[in-house]
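S.K.: The structure's right below; bear with me while I get my questions together.
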Amino acid sequence: MPNFGFTPPHDQLHRHHHHQLLPLLLLLLFFPSASATSSNYQRFKEAPQFYNSPACPSLDTGGTNEMCSDQGVHVAMTLDVAYIRGSMAAILSVLQHSSCPQNILFHFIASATADHHHLRYTISRSFPSLKFQIYPYDSSAVSGLISTSIRSALDCPLNYARNYLANLLPPCLTRVVYLDSDLVLVDDIAKLASTPLGDSTVLAAPEYCNANFTSYFTPTFWSNPTLSLTFSGRKACYFNTGVIVIDLQRWRQGDYTTKIIEWMELQKRMRIYELGSLPPFLLVFAGNIAPVDHRWNQHGLGGDNYRGLCRNLHPGPVSLLHWSGKGKPWVRLDANRPCPLDALWAPYDLLQTPFALES
């Protein structure tokens with residue numbers, strides 16, 4: 001009824017405000033993601049179902065574990081509450097652009113102390129048919145080896161899980177594609193997974209030989225003849241560890257986890273690098289990796305590690321967009337301060353907002 005200037009008694013006014021508050025309270029109760037302090041309980045929409053094309057091979061393993069199938073594409077990612085919105089977008093992008101989406105098997109690494117039931121429920125609710133497994137990662141061993149870096153997010157123990165993939169994943173797995181959570185694919189991941197590794201190479205990734213490789217290590221490292229000889233005879237180039245193809249059998253045979261840990265132990269005694277989990281990978285593998293076309297890691301879209309400013313795409317074709325750096329697209333979109341390229345991430349965002357409920 002129109003008010004026409006009539007002011008209701010105080011108790012009616014009080015009740016009226018309660019009626020206005022009730023929907024908001026219900027929203028916060030059932031959609032805690034509406035609250036800035038309750039990111040633990042983000043809800044996500046169900047993704048479309050994606051089906052194999054007729055030419056896709058069968059995953060039939062003759063009664064053995066399907067998660068070991070040689071016919072599948074095996075993808076490893078870390079999973080945690082802080083980055084789960086990015087992970088969900090990455091999963092959707094992988095499935096959407098795959099010719100054989102039902103043959104993609106996801107291997108998620110989560111902290112042993114995380115709520116695995118909640119993570120499993122979240123994934124299953126949005127991707128009811130997804131083939132996946134969650135593996136617990138005890139970060140206590142690596143926690144003592146982590147040196148502070150230039151950005152606190154880089155010091156998260158889960159960032160170091162890729163060092164231990166060969167130990168965490170089932171021994172039956174021979175090859176895996178490791179992906180960060182701040183990326184989306186716009187091409188078929190099977191192409192990346194089939195990267196030739198030659199007779200002995202352990203790892204494949206896009207290399208960037210124009211980057212200033214020396215800047216990844218301290219003057220202490222380069223001034224020590226014993227240490228700087230590490231790269232002798234190797235055409236060592238920078239590569240980003242957010243998109244890598246790994247031969248797990250060769251990794252295990254060469255005990256590369258131990259080699260990485262040895263460099264981390266040295267870093268605790270004398271500071272030889274500044275940047276988180278990347279430099280030990282460079283020390284062990286740079287100059288000895290199989291090449292991958294740059295289209296598979298258009299990285300740096302999150303800007304640098306200090307300010308996270310907007311970046312443009314590198315020249316050339318694009319198969320994977322990677323928001324490495326400080327700025328994450330979901331954070332910038334929520335703050336109404338997106339970069340132009342964040343619009344390419346937004347279509348994969350499955351976050352269910354309380355003001356956009358599905359019927």
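By order in the structure tokens, chains are A, B, ...; within a chain, residues start at 1; ligands start at 1, following the order shown.
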Distance table requested - stretch 266-338 of chain A against stretch 163-183 of chain A, cut-off 9 Å, only C-alpha atoms: one row per qualifying residue with the closest atom pair and its distance in Å to one decimal, ordered by chain and rising residue number, as JSON lines.
M.R.:
```
{"residue": "A:Ser277", "atom": "CA", "partner": "A:Asn163", "partner_atom": "CA", "distance": 8.7}
{"residue": "A:Phe281", "atom": "CA", "partner": "A:Asn163", "partner_atom": "CA", "distance": 8.4}
{"residue": "A:Asn297", "atom": "CA", "partner": "A:Leu183", "partner_atom": "CA", "distance": 8.9}
{"residue": "A:His299", "atom": "CA", "partner": "A:Leu183", "partner_atom": "CA", "distance": 8.6}
{"residue": "A:Gly302", "atom": "CA", "partner": "A:Asp182", "partner_atom": "CA", "distance": 8.9}
{"residue": "A:Leu320", "atom": "CA", "partner": "A:Leu183", "partner_atom": "CA", "distance": 7.0}
{"residue": "A:Leu321", "atom": "CA", "partner": "A:Leu183", "partner_atom": "CA", "distance": 5.5}
{"residue": "A:His322", "atom": "CA", "partner": "A:Leu183", "partner_atom": "CA", "distance": 4.2}
{"residue": "A:Trp323", "atom": "CA", "partner": "A:Asp182", "partner_atom": "CA", "distance": 5.4}
{"residue": "A:Ser324", "atom": "CA", "partner": "A:Asp182", "partner_atom": "CA", "distance": 6.7}
{"residue": "A:Lys328", "atom": "CA", "partner": "A:Asp182", "partner_atom": "CA", "distance": 7.0}
{"residue": "A:Pro329", "atom": "CA", "partner": "A:Asp182", "partner_atom": "CA", "distance": 8.2}
```
S.K.: Measuring between only C-alpha atoms, which one of A:Arg252, A:Lys191, A:Lys235, A:Lys45 shows the shortest distance to A:Gln352?
M.R.: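 Counting only C-alpha atoms, the residue closest to A:Gln352 is A:Lys45.
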S.K.: As an MDAnalysis selection string, please: the residues near A:Pro101 (cut-off 8 Å, only C-alpha atoms, same-chain neighbours under 5 positions excluded).
M.R.: chainID A and resid 50:52 94:96
S.K.: Output the selection as a short mmCIF file (atom, residue, chain, number, x, y, z; two decimals), in the first residue's frame - C-alpha atoms for each residue.
M.R.:
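In the end it all went to again.cif:
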```
data_model
loop_
_atom_site.label_atom_id
_atom_site.label_comp_id
_atom_site.auth_asym_id
_atom_site.auth_seq_id
_atom_site.Cartn_x
_atom_site.Cartn_y
_atom_site.Cartn_z
CA PHE A 50 30.64 -33.25 -21.77
CA TYR A 51 30.77 -36.45 -23.81
CA ASN A 52 33.42 -38.30 -25.79
CA VAL A 94 39.87 -28.63 -19.74
CA LEU A 95 36.63 -30.60 -20.21
CA GLN A 96 35.00 -28.07 -22.53
#
```
S.K.: From the set A:Gln298, A:Gln249, A:Asn159, A:Thr201, which residue has the shortest atom-to-atom contact distance to A:Arg311, counting only C-alpha atoms?
M.R.: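 Ranked by minimum distance to A:Arg311, first place goes to A:Gln298.
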S.K.: Tell me, as a list in words, which residues lie within 7 Å of A:Leu350, counting only C-alpha atoms; anything in the same chain fewer than 6 positions away does not count.
M.R.: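 So, after excluding close chain neighbours, the residues are Phe44, Lys45, Met88 and Ala89 of chain A.
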S.K.: Could the residues in this selection be saved with C-alpha atoms as a tab-separated table (two decimals), in the first residue's frame?
M.R.:
```
chain	number	residue	atom	x	y	z
A	44	PHE	CA	29.44	-23.53	-7.39
A	45	LYS	CA	27.00	-24.19	-10.20
A	88	MET	CA	36.85	-25.13	-10.82
A	89	ALA	CA	37.29	-22.81	-13.81
```
S.K.: If we count only C-alpha atoms and set the cut-off at 12 Å, which residues sit around A:Thr230, ignoring sequence neighbours fewer than 3 positions away in its own chain? Please answer as a list of chain:residue names.
M.R.: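 So the residues in contact are A:Phe221, A:Trp222, A:Asn224, A:Pro225, A:Thr226, A:Leu227, A:Gly233, A:Arg234, A:Lys235, A:Ala236, A:Trp263, A:Pro280, A:Leu282, A:Leu283, A:Val284, A:Phe285, A:Ala286, A:Gly287.
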S.K.: For A:Phe213, work out the shell of residues within 9 Å, counting only C-alpha atoms and skipping chain neighbours fewer than 4 positions away, then give it as a CSV table (one decimal) with C-alpha atoms, in the first residue's frame.
M.R.:
```
chain,number,residue,atom,x,y,z
A,209,CYS,CA,65.3,-18.2,-23.4
A,217,PHE,CA,69.6,-16.6,-8.5
A,236,ALA,CA,69.6,-23.3,-19.3
A,237,CYS,CA,66.5,-21.2,-19.9
A,238,TYR,CA,63.7,-20.1,-17.7
```
S.K.: Give the helix (DSSP H, G or I) residues of stretch 126-204 of chain A, as assigned by DSSP on the backbone, as a count of residues only.
M.R.: 26
S.K.: Take atom CA of A:Ala205 and atom CA of A:Ala190 and report the distance between them in Å, one decimal.
M.R.: 14.7 Å
S.K.: What does the distance between atom CA of A:Ser129 and atom CA of A:Ala47 come to in Å, to one decimal place?
M.R.: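 Answer for the atom CA of A:Ser129 to atom CA of A:Ala47 separation: 10.2 Å.
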S.K.: With only C-alpha atoms as the counted atoms, please give the residues lying no more than 12 Å from A:Cys56, apart from itself and same-chain residues fewer than 4 positions off, as a list in words.
M.R.: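 Answer for this query is Tyr51, Asn52, Asp60, Gln71, Gly72, Val73, Ser98, Ser99, Cys100, Pro101, Gln102, Asn103, Ile104 and Ala190 of chain A.
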S.K.: Mind checking DSSP for stretch 164-342 of chain A and telling me the strand (DSSP E or B) residues as a PyMOL selection string?
M.R.: chain A and resi 175-179+183-185+203-205+207-208+217+238-239+243-247+273+290-291+298+320-322
S.K.: Between A:Glu207, A:Asp247, A:Asp70, A:Asp115, which has the minimum distance to A:His294 (counting only C-alpha atoms)?
M.R.: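 Of A:Glu207, A:Asp247, A:Asp70, A:Asp115, the one nearest A:His294 is A:Glu207, counting only C-alpha atoms.
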S.K.: With only C-alpha atoms as the atoms that count, which of A:Gly300, A:Pro57, A:Pro136, A:Pro291 lies nearest to A:Val202?
M.R.: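 Among the listed residues, the smallest separation from A:Val202 belongs to A:Pro291.
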S.K.: What gap, in Å, lies between atom CA of A:Leu203 and atom CA of A:Arg295?
M.R.: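 Separating atom CA of A:Leu203 from atom CA of A:Arg295 is a distance of 17.3 Å.
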S.K.: Give me, as a Markdown table, each residue of stretch 27-126 of chain A that comes within 8 Å of stretch 332-348 of chain A, together with its shortest interatomic pair and the distance in Å at one decimal, counting only C-alpha atoms, with rows ordered by chain and rising residue number.
M.R.:
```
| residue | atom | partner | partner_atom | distance |
| --- | --- | --- | --- | --- |
| A:Ala89 | CA | A:Tyr348 | CA | 4.8 |
| A:Ala90 | CA | A:Tyr348 | CA | 7.5 |
| A:Leu92 | CA | A:Tyr348 | CA | 6.4 |
| A:Ser93 | CA | A:Tyr348 | CA | 6.5 |
```
